[in-house]
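For reference, entry17.tsv is printed below; it contains TSV, C-alpha atoms.
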chain	number	residue	atom	x	y	z
F	7	MET	CA	-31.53	33.76	27.16
F	8	ALA	CA	-28.72	33.08	24.70
F	9	ASN	CA	-25.24	32.56	26.08
F	10	PRO	CA	-23.19	35.78	25.90
F	11	LYS	CA	-20.25	35.83	23.51
F	12	ILE	CA	-16.80	35.38	24.98
F	13	LYS	CA	-15.00	38.69	25.13
F	14	SER	CA	-11.88	38.96	23.02
F	15	GLY	CA	-9.71	39.51	26.08
F	16	LEU	CA	-10.59	36.14	27.58
F	17	PRO	CA	-8.99	32.84	26.57
F	18	ALA	CA	-10.99	30.69	24.18
F	19	PRO	CA	-12.42	27.47	25.57
F	20	LYS	CA	-10.16	24.47	25.09
F	21	ARG	CA	-11.07	21.84	22.52
F	22	PRO	CA	-11.68	18.34	23.85
F	23	VAL	CA	-8.51	16.29	23.85
F	24	ALA	CA	-8.69	13.37	21.41
F	25	THR	CA	-8.59	9.95	23.00
F	26	ALA	CA	-5.30	8.17	22.33
F	27	GLY	CA	-5.58	5.62	19.57
F	28	ARG	CA	-8.92	6.92	18.31
F	29	LYS	CA	-9.33	6.76	14.55
F	30	PRO	CA	-9.63	10.12	12.78
F	31	SER	CA	-13.17	11.17	12.08
F	32	VAL	CA	-14.31	10.47	8.55
F	33	ARG	CA	-16.42	12.93	6.61
F	34	SER	CA	-16.01	11.78	3.05
F	35	VAL	CA	-16.96	13.98	0.13
F	36	TYR	CA	-18.48	10.82	-1.36
F	37	SER	CA	-21.73	9.23	-0.32
F	38	LYS	CA	-21.78	5.58	0.71
F	39	ALA	CA	-23.46	4.77	-2.59
F	40	GLU	CA	-20.70	6.53	-4.54
F	41	ILE	CA	-17.94	4.70	-2.67
F	42	GLU	CA	-19.76	1.44	-3.26
F	43	GLU	CA	-19.92	2.23	-6.98
F	44	ILE	CA	-16.22	3.19	-7.16
F	45	PHE	CA	-15.12	-0.16	-5.78
F	46	ARG	CA	-17.77	-2.10	-7.70
F	47	ARG	CA	-16.21	-0.75	-10.90
F	48	PHE	CA	-12.69	-1.61	-9.75
F	49	SER	CA	-13.90	-5.16	-9.00
F	50	ILE	CA	-15.25	-5.53	-12.53
F	51	GLN	CA	-12.15	-4.06	-14.16
F	52	ARG	CA	-9.72	-6.23	-12.14
F	53	PRO	CA	-11.61	-9.15	-10.54
F	54	GLU	CA	-8.41	-10.69	-9.12
F	55	PRO	CA	-5.77	-7.98	-8.72
F	56	LYS	CA	-2.25	-9.07	-7.84
F	57	GLY	CA	0.80	-7.47	-6.36
F	58	GLU	CA	3.59	-7.09	-8.89
F	59	LEU	CA	6.52	-8.16	-6.71
F	60	GLU	CA	7.75	-11.65	-7.50
F	61	HIS	CA	8.14	-14.03	-4.56
F	62	VAL	CA	7.95	-17.75	-3.83
F	63	ASN	CA	6.98	-17.81	-0.13
F	64	PRO	CA	6.27	-15.42	2.77
F	65	PHE	CA	10.00	-14.96	3.49
F	66	THR	CA	10.88	-13.88	-0.04
F	67	LEU	CA	7.84	-11.60	-0.02
F	68	VAL	CA	9.11	-9.84	3.13
F	69	VAL	CA	12.51	-9.39	1.49
F	70	ALA	CA	11.04	-8.18	-1.81
F	71	VAL	CA	8.79	-5.61	-0.16
F	72	ALA	CA	11.62	-4.36	2.05
F	73	LEU	CA	13.83	-3.99	-1.04
F	74	SER	CA	11.10	-2.11	-2.92
F	75	ALA	CA	11.39	1.04	-0.79
F	76	GLN	CA	12.40	3.88	-3.12
F	77	ALA	CA	12.61	1.41	-6.00
F	78	THR	CA	10.29	0.11	-8.70
F	79	ASP	CA	8.73	-3.35	-8.61
F	80	ILE	CA	10.23	-4.04	-12.05
F	81	GLY	CA	13.71	-3.17	-10.82
F	82	VAL	CA	13.30	-5.27	-7.67
F	83	ASN	CA	12.05	-8.26	-9.66
F	84	LYS	CA	15.06	-8.16	-11.98
F	85	ALA	CA	17.40	-8.23	-8.98
F	86	THR	CA	15.59	-10.80	-6.85
F	87	ARG	CA	15.01	-13.52	-9.46
F	88	ALA	CA	18.60	-14.72	-9.13
F	89	LEU	CA	18.74	-13.89	-5.41
F	90	PHE	CA	15.70	-15.98	-4.54
F	91	ALA	CA	16.92	-18.83	-6.73
F	92	ALA	CA	20.01	-18.92	-4.53
F	93	ALA	CA	18.36	-18.17	-1.18
F	94	ASP	CA	14.64	-18.61	-0.47
F	95	THR	CA	14.85	-19.20	3.31
F	96	PRO	CA	16.32	-17.16	6.16
F	97	GLN	CA	19.11	-19.70	6.72
F	98	LYS	CA	20.09	-19.79	3.06
F	99	MET	CA	20.14	-15.99	3.04
F	100	LEU	CA	22.44	-15.95	6.07
F	101	ASP	CA	24.68	-18.53	4.42
F	102	LEU	CA	24.84	-16.34	1.33
F	103	GLY	CA	26.17	-13.44	3.39
F	104	GLU	CA	25.94	-9.67	3.12
F	105	GLU	CA	28.60	-9.21	0.45
F	106	ARG	CA	27.04	-11.69	-1.98
F	107	ILE	CA	23.56	-10.30	-1.30
F	108	ARG	CA	24.92	-6.86	-2.25
F	109	ASP	CA	26.15	-8.30	-5.54
F	110	TYR	CA	22.64	-9.54	-6.36
F	111	ILE	CA	20.82	-6.30	-5.49
F	112	ARG	CA	23.33	-3.59	-6.40
F	113	THR	CA	21.01	-2.30	-9.15
F	114	ILE	CA	18.47	-1.33	-6.46
F	115	GLY	CA	18.67	2.03	-4.70
F	116	LEU	CA	20.22	1.99	-1.20
F	117	TYR	CA	21.40	-1.55	-1.83
F	118	ARG	CA	24.18	-1.52	0.80
F	119	ASN	CA	21.85	-0.68	3.67
F	120	LYS	CA	19.17	-3.01	2.31
F	121	ALA	CA	21.64	-5.90	2.17
F	122	LYS	CA	22.42	-5.33	5.86
F	123	ASN	CA	18.70	-5.34	6.66
F	124	VAL	CA	18.14	-8.58	4.73
F	125	VAL	CA	20.85	-10.29	6.75
F	126	ALA	CA	19.56	-8.84	10.01
F	127	LEU	CA	15.92	-9.74	9.40
F	128	SER	CA	16.93	-13.26	8.35
F	129	ALA	CA	18.87	-13.65	11.58
F	130	LYS	CA	15.97	-12.34	13.66
F	131	LEU	CA	13.50	-14.67	11.96
F	132	ILE	CA	15.72	-17.61	12.92
F	133	SER	CA	16.44	-16.46	16.48
F	134	ASP	CA	12.98	-15.16	17.42
F	135	PHE	CA	10.49	-16.93	15.14
F	136	ASP	CA	12.05	-20.35	14.35
F	137	GLY	CA	12.66	-19.25	10.79
F	138	GLU	CA	8.97	-18.58	10.10
F	139	VAL	CA	7.49	-15.23	9.06
F	140	PRO	CA	5.18	-14.01	11.86
F	141	GLN	CA	1.53	-13.33	11.10
F	142	THR	CA	0.92	-10.21	13.18
F	143	ARG	CA	1.74	-6.61	12.30
F	144	GLU	CA	3.44	-5.98	15.62
F	145	GLU	CA	5.80	-8.93	15.23
F	146	LEU	CA	6.56	-8.16	11.60
F	147	MET	CA	7.50	-4.59	12.50
F	148	THR	CA	10.21	-5.88	14.84
F	149	LEU	CA	12.13	-7.11	11.79
F	150	PRO	CA	14.92	-4.81	10.53
F	151	GLY	CA	13.81	-2.80	7.50
F	152	VAL	CA	10.13	-3.69	7.97
F	153	GLY	CA	7.75	-0.80	8.63
F	154	ARG	CA	3.98	-0.64	8.80
F	155	LYS	CA	3.52	-0.56	5.02
F	156	THR	CA	5.70	-3.62	4.47
F	157	ALA	CA	3.96	-5.46	7.29
F	158	ASN	CA	0.53	-4.70	5.80
F	159	VAL	CA	1.60	-5.97	2.37
F	160	VAL	CA	2.85	-9.23	3.87
F	161	LEU	CA	-0.28	-9.73	5.97
F	162	SER	CA	-2.41	-9.24	2.86
F	163	MET	CA	-0.44	-11.12	0.20
F	164	ALA	CA	1.02	-13.92	2.31
F	165	PHE	CA	-1.68	-14.48	4.91
F	166	GLY	CA	-4.92	-13.25	3.33
F	167	GLN	CA	-5.66	-10.50	5.83
F	168	SER	CA	-7.57	-7.37	4.83
F	169	THR	CA	-5.07	-4.55	5.26
F	170	MET	CA	-4.29	-1.22	3.61
F	171	ALA	CA	-0.61	-0.69	2.83
F	172	VAL	CA	-0.33	3.01	2.00
F	173	ASP	CA	2.47	3.57	-0.49
F	174	THR	CA	3.06	6.72	-2.54
F	175	HIS	CA	0.31	5.79	-5.01
F	176	ILE	CA	-2.38	5.22	-2.39
F	177	PHE	CA	-1.32	8.27	-0.39
F	178	ARG	CA	-1.58	10.40	-3.55
F	179	ILE	CA	-4.97	9.00	-4.59
F	180	GLY	CA	-6.45	9.22	-1.10
F	181	ASN	CA	-5.68	12.93	-1.08
F	182	ARG	CA	-6.05	13.78	-4.77
F	183	ILE	CA	-9.53	12.38	-5.30
F	184	ARG	CA	-10.46	13.22	-1.67
F	185	LEU	CA	-11.49	9.66	-0.93
F	186	ALA	CA	-9.49	9.53	2.31
F	187	PRO	CA	-7.47	12.72	2.78
F	188	GLY	CA	-4.77	12.72	5.40
F	189	LYS	CA	-1.48	14.36	6.24
F	190	THR	CA	0.28	11.08	6.96
F	191	PRO	CA	0.13	7.54	5.53
F	192	ASP	CA	-1.33	6.35	8.84
F	193	GLU	CA	-4.21	8.83	8.58
F	194	VAL	CA	-4.95	7.81	5.00
F	195	GLU	CA	-4.79	4.14	5.98
F	196	GLN	CA	-7.24	4.56	8.85
F	197	ARG	CA	-9.68	6.56	6.78
F	198	LEU	CA	-9.60	4.10	3.89
F	199	MET	CA	-10.19	1.20	6.27
F	200	LYS	CA	-13.21	3.11	7.59
F	201	VAL	CA	-14.87	4.12	4.31
F	202	ILE	CA	-14.23	1.12	2.03
F	203	PRO	CA	-17.07	-1.43	2.15
F	204	ASP	CA	-16.02	-4.64	3.89
F	205	ARG	CA	-16.68	-6.86	0.90
F	206	TYR	CA	-14.16	-4.90	-1.19
F	207	LEU	CA	-11.53	-4.36	1.49
F	208	TYR	CA	-9.32	-7.37	0.77
F	209	HIS	CA	-8.57	-6.32	-2.84
F	210	ALA	CA	-8.84	-2.55	-2.33
F	211	HIS	CA	-5.12	-2.16	-1.62
F	212	HIS	CA	-4.15	-3.57	-5.01
F	213	TRP	CA	-6.94	-1.79	-6.89
F	214	LEU	CA	-5.80	1.58	-5.61
F	215	ILE	CA	-2.11	0.92	-6.21
F	216	LEU	CA	-2.69	-0.26	-9.77
F	217	HIS	CA	-5.06	2.64	-10.45
F	218	GLY	CA	-2.40	5.06	-9.23
F	219	ARG	CA	0.38	3.34	-11.14
F	220	TYR	CA	-1.33	3.12	-14.51
F	221	VAL	CA	-4.15	5.71	-14.59
F	222	CYS	CA	-4.12	8.30	-11.82
F	223	LYS	CA	-0.42	8.98	-12.32
F	224	ALA	CA	1.65	11.41	-10.31
F	225	ARG	CA	2.63	13.87	-13.03
F	226	ARG	CA	-0.57	13.84	-15.06
F	227	PRO	CA	-3.61	11.74	-14.24
F	228	GLU	CA	-4.95	10.07	-17.37
F	229	CYS	CA	-8.57	10.93	-16.68
F	230	GLU	CA	-9.61	9.87	-20.17
F	231	HIS	CA	-8.72	6.28	-19.19
F	232	CYS	CA	-10.39	6.42	-15.76
F	233	ILE	CA	-13.44	4.27	-15.07
F	234	ILE	CA	-14.51	6.52	-12.17
F	235	ALA	CA	-14.04	9.89	-13.93
F	236	ASP	CA	-17.71	10.79	-13.47
F	237	LEU	CA	-17.53	10.13	-9.72
F	238	CYS	CA	-14.08	11.53	-9.04
F	239	ARG	CA	-13.89	14.71	-6.94
F	240	ALA	CA	-10.28	15.60	-7.75
F	241	PRO	CA	-10.11	19.38	-8.37
F	242	GLU	CA	-7.63	18.90	-11.24
F	243	LYS	CA	-9.47	16.17	-13.15
F	244	SER	CA	-9.72	16.84	-16.88
F	245	CYS	CA	-12.60	14.57	-17.88
F	246	ASP	CA	-16.08	13.74	-16.58
F	247	ILE	CA	-16.77	10.84	-18.92
F	248	PRO	CA	-15.76	7.45	-17.51
F	249	ALA	CA	-13.73	5.04	-19.61
F	250	PRO	CA	-15.54	1.87	-20.72
F	251	LEU	CA	-15.97	-0.57	-17.86
F	252	VAL	CA	-14.55	-3.81	-19.19
F	253	PRO	CA	-12.39	-6.45	-17.52
F	254	LEU	CA	-8.69	-6.02	-18.17
F	255	PRO	CA	-6.57	-8.98	-19.37
F	256	PRO	CA	-5.27	-11.12	-16.49
F	257	GLN	CA	-2.11	-9.74	-14.94
F	258	ILE	CA	1.12	-11.53	-15.75
F	259	VAL	CA	3.46	-10.85	-12.86
F	260	GLY	CA	7.15	-10.95	-13.63
F	261	GLU	CA	7.20	-9.84	-17.26

Let's see the structure in the file written out as structure tokens.
Amino acid sequence: MANPKIKSGLPAPKRPVATAGRKPSVRSVYSKAEIEEIFRRFSIQRPEPKGELEHVNPFTLVVAVALSAQATDIGVNKATRALFAAADTPQKMLDLGEERIRDYIRTIGLYRNKAKNVVALSAKLISDFDGEVPQTREELMTLPGVGRKTANVVLSMAFGQSTMAVDTHIFRIGNRIRLAPGKTPDEVEQRLMKVIPDRYLYHAHHWLILHGRYVCKARRPECEHCIIADLCRAPEKSCDIPAPLVPLPPQIVGE
């Protein structure tokens, strides 16, 4: 005999409580074969993608990424070229001092608070890590001005770890094309880490950022220039014909 329906006057059964720390369930609108093809095309278009923030070592990378919050990479690079020429270690940055750091980065948004963070993180690196940039996310996130996104960028670019730093571009693409929808950057990060094939994971962060920066733009996605237009499930896409799949010229960072 079928179970009787619950009467409207009775409370509904409670949903199971999610286990703390459990990754969100992933039910992608793309098949595994389609996701494989998306990242295969990205790998052909940009075989060796690079981050566009200039740096000379892990320390300057941490500083550059921290400075890039609410700023463009181009703007950060213009400000940090002279800064890093003067101070490329935590001790040199401390010796420079907050006021002079402000002078170097005053063209960057929120430069006063960022200068304080640069001094504070330099001091913490010296006091807690012998002047070396730590290689774990948890330790990196103890540095002033360093959040999860910054830590993931440093782990990837400085130490070769496969991470997914969800910035505004990746958050937009994850939701827009429904590859890894989520209400928060952490949700998008976890879903992308789950659905992206392992062999593409190391470069996937840069592929998605560059795709969002130059093709799948915030105001109007340039679908006519998109190499995955035929696969894309974005409701607002304007083209179903993919752009020619050809390697792009090598990136020249810093120009």

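Shortest separation to Cys222 of chain F among F:Pro96, F:Gly166, F:Gly151, F:Gly180 occurs at residue F:Gly180, atoms counted being only C-alpha atoms.
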
Legend entry - Between atom CA of Glu138 of chain F and atom CA of Val71 of chain F - distance in Å to one decimal: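 Pair atom CA of Val71 of chain F / atom CA of Glu138 of chain F returns 16.5 Å.
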
Inset, instruction - Give as a PyMOL selection string the set of residues within 7 Å of the point (7.5, -11.1, 5.0), where distances use the file's coordinates and only C-alpha atoms. - result: chain F and resi 64-69+139+160

Inset, instruction - Give me the residues within 10 Å of Glu195 of chain F as number ranges by chain, counting all atoms listed in the file and dropping any in the same chain fewer than 6 places off. - result: F: 155, 169-173, 176-177, 180, 186-188, 211

Per residue of segment 135-239 of chain F within 9 Å of segment 103-124 of chain F, which atom pair is closest and at what distance in Å (one decimal), using all atoms listed in the file, listed by chain and increasing number, as JSON lines?
{"residue": "F:Leu149", "atom": "CA", "partner": "F:Asn123", "partner_atom": "CA", "distance": 8.5}
{"residue": "F:Pro150", "atom": "CA", "partner": "F:Asn123", "partner_atom": "CA", "distance": 5.4}
{"residue": "F:Gly151", "atom": "CA", "partner": "F:Asn123", "partner_atom": "CA", "distance": 5.6}
{"residue": "F:Val152", "atom": "CA", "partner": "F:Asn123", "partner_atom": "CA", "distance": 8.8}

Legend entry - Nearest residue to Gln97 of chain F from the set F:Ile132, F:Ala126, F:Leu251, F:Val221 (distances using all atoms listed in the file): F:Ile132

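The residue that comes closest to Ala70 of chain F, out of F:Pro241, F:Glu40, F:Ala157, F:Phe45 and on the basis of only C-alpha atoms, is F:Ala157.
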
Inset, instruction - Record the distance separating atom CA of His217 of chain F and atom CA of His175 of chain F, expressed in Å with one decimal. - result: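 Atom CA of His175 of chain F lies 8.3 Å from atom CA of His217 of chain F.
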
Inset, instruction - Give as a PyMOL selection string the set of residues within 12 Å of the point (-2.8, -5.7, -8.4), where distances use the file's coordinates and only C-alpha atoms. - result: chain F and resi 48-49+51-59+79+159+162-163+208-220+254+256-259

Inset, instruction - State, in Å with one decimal place, the distance from atom CA of Gly153 of chain F to atom CA of Ala72 of chain F. - result: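 Computing it gives 8.4 Å between the two atoms.
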
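Take the candidates F:Ile202, F:Val125, F:Ala85, F:Ala93 and check each one against Glu42 of chain F using only C-alpha atoms; the shortest distance goes to F:Ile202.
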
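Using only C-alpha atoms for every distance, the candidate list F:Glu145, F:Ser37, F:Val62, F:Thr95 yields F:Ser37 as the residue closest to Arg239 of chain F.
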
Legend entry - Contact residues around Ile183 of chain F with all atoms listed in the file at 7 Å, ignoring same-chain residues under 4 positions, as a list of chain:residue names: F:Ile179, F:Cys238, F:Arg239, F:Ala240

Inset, instruction - For Lys243 of chain F, list every protein, DNA or RNA residue within 12 Å, evaluated using only C-alpha atoms, and leave out those in the same chain fewer than 5 positions away; present the list as a list in words. - result: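 The residues that qualify are Arg182, Ile183, Arg184, Val221, Cys222, Lys223, Arg226, Pro227, Glu228, Cys229, Glu230, His231, Cys232, Ile234, Ala235, Asp236, Leu237, Cys238 and Pro248 of chain F.
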
Inset, instruction - Counting only C-alpha atoms, figure out which residue out of F:Thr174, F:Thr78, F:Thr148, F:Ser244 gets nearest to Ala224 of chain F. - result: F:Thr174
